[in-house]
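S.K.: Sharing a structure here in C-alpha cells format.
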Amino acid sequence: SSDGQTQLVLAVVSADDGHESLQWLDAQLEQVQTAVVEALDGARDAARECISLGAQQDARIQELNAQLEAIDEISNELAATKQECDAWQARAQEAESAKEALQDELLETQAATDELRAERDEVALQLRELESRRQQQDRTFCRLQAELQERDDELATLEARLTRLALVENAVQEARHEAERDEFGLLVRTNGTTELRYLDLPTMTIGREADNDLRIQESHISRHHAQITRVDDETFIEDLESTNGVYVNGQPVVVRSRVQDGDQVSIGGTEFRYQESIQA
C-alpha cells in the first residue's frame, strides 16, 4: 500500500547508505515480492476456484432448472390427472346416484310385480270359483231343464185333460142352455161384422174370458165387462167395473141401466142394438 511505501522511503533516507540498508531493503523487497507472488497465486487459485464453483453452480442451476421444468411438467400432468380424477369421481357419483335410483326403481318394480302377482293369484282363484259355480249352474240348469221338460209334459197332459173337460163342460152348458132356453131378446152388432147374440138366461155376463155367457174376444173388452139381467119382463145392464165402460144411447152406465127395444148399447166400444122381439 502507499503507507508502507512511504515508510520504506523514510527508512531508506534516514538510514545509512550502507550495505546493510540495501540488504535490508532487498530482504524487505524480496519478502514483499514473495508476498505479492503468493497473493497473486492465491488470487489465481481463488479465481480458478471461483470459476470452477461458478461453472458448477451454472451446471447445478441448469440441472435445477431442468428439474424445475420436469417438476412443472409433472405438476401439469398431476393437475390434468387430478381433473380427470375429479371428472371420473363426478361420473362415479352420478353412476352411484343412478345405481341407487335404479335400485329404488327395481324395488318399486319388484313391489308392483309382487302386487300384480297377488292380484293375478286372486283373479285366478276367483276364476276357478266362477268356473266351479258355472259348472254347478250348468248342472243345475240341466236338472231344471229336465224338470221343466217334465213339467211341460205334465202341463201338456193337463192341458189336454182341460181341453177335454172344457169340451165336456161346454157340451153340458149347451145342454143346460137348451133345456133352460127362454129367449127374451137379442143383441145385434151394428159395427164391424154382423153378429147376433141371443139373450136366454135370467142373468148373463159379458166379457173376454171364456167363463162369460157372452164372450167377446176384443182387446178393448174387459175380462168380465158387463152383466145383463132379466127381472119381471124388464131388462137391465150393469157395468162390472170395466176399463172402457158401458153406454146406453150414449149415456154411461154408472151402476145399472134399463134397456128397451131399439136402444143402442156400447160395450167397450163394440156397438149393439138391443131387440126384444126375436124375428125368424
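Residues are referred to by chain and number: the chain letter is A, B, ... according to the order shown in the C-alpha cells, the number counts from 1 in that chain, and ligands are numbered separately from 1 in the order shown.
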Per residue of stretch 50-118 of chain A within 12 Å of stretch 124-131 of chain A, note the shortest atom pair and the distance in Å to one decimal, counting only C-alpha atoms, and order the rows by chain and increasing residue number, as a Markdown table.
M.R.:
| residue | atom | partner | partner_atom | distance |
| --- | --- | --- | --- | --- |
| A:Leu116 | CA | A:Ala124 | CA | 11.8 |
| A:Arg117 | CA | A:Ala124 | CA | 10.1 |
| A:Ala118 | CA | A:Ala124 | CA | 9.7 |
S.K.: Apply DSSP to the structure's backbone, then extract all residues of stretch 93-266 of chain A labelled helix (DSSP H, G or I) and return them as number ranges by chain.
M.R.: A: 93-180
S.K.: Would you kindly return, as a PyMOL selection string, each protein, DNA or RNA residue with an atom no farther than 6 Å from any atom of A:Asp239, considering only C-alpha atoms and excluding same-chain residues fewer than 2 positions away?
M.R.: chain A and resi 226+241+246
S.K.: So how many Å separate atom CA of A:Thr205 and atom CA of A:His224, to one decimal?
M.R.: 7.1 Å
S.K.: Using atom CA of A:Ile216 and atom CA of A:Thr270 as the two end points, give the distance in Å to one decimal.
M.R.: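 A separation of 9.0 Å between them.
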S.K.: Using DSSP secondary structure from the backbone, list all strand (DSSP E or B) positions within stretch 6-235 of chain A, as a ChimeraX atom specification.
M.R.: /A:185-189,196-199,203-207,214-215,226-231,234-235
S.K.: Which residues come within 12 Å of A:Arg215, counting only C-alpha atoms, excluding same-chain residues fewer than 5 positions away, as a list in words?
M.R.: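 Close residues of A:Arg215: Arg197, Tyr198, Met204, Thr205, Ile206, Gly207, Arg208, Glu209, Ala210, Ile221, Ser222, Arg223, His224, His225, Ala226, Gln227 and Ile267 of chain A.
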S.K.: Interatomic distance between atom CA of A:His220 and atom CA of A:Val168?
M.R.: 29.4 Å
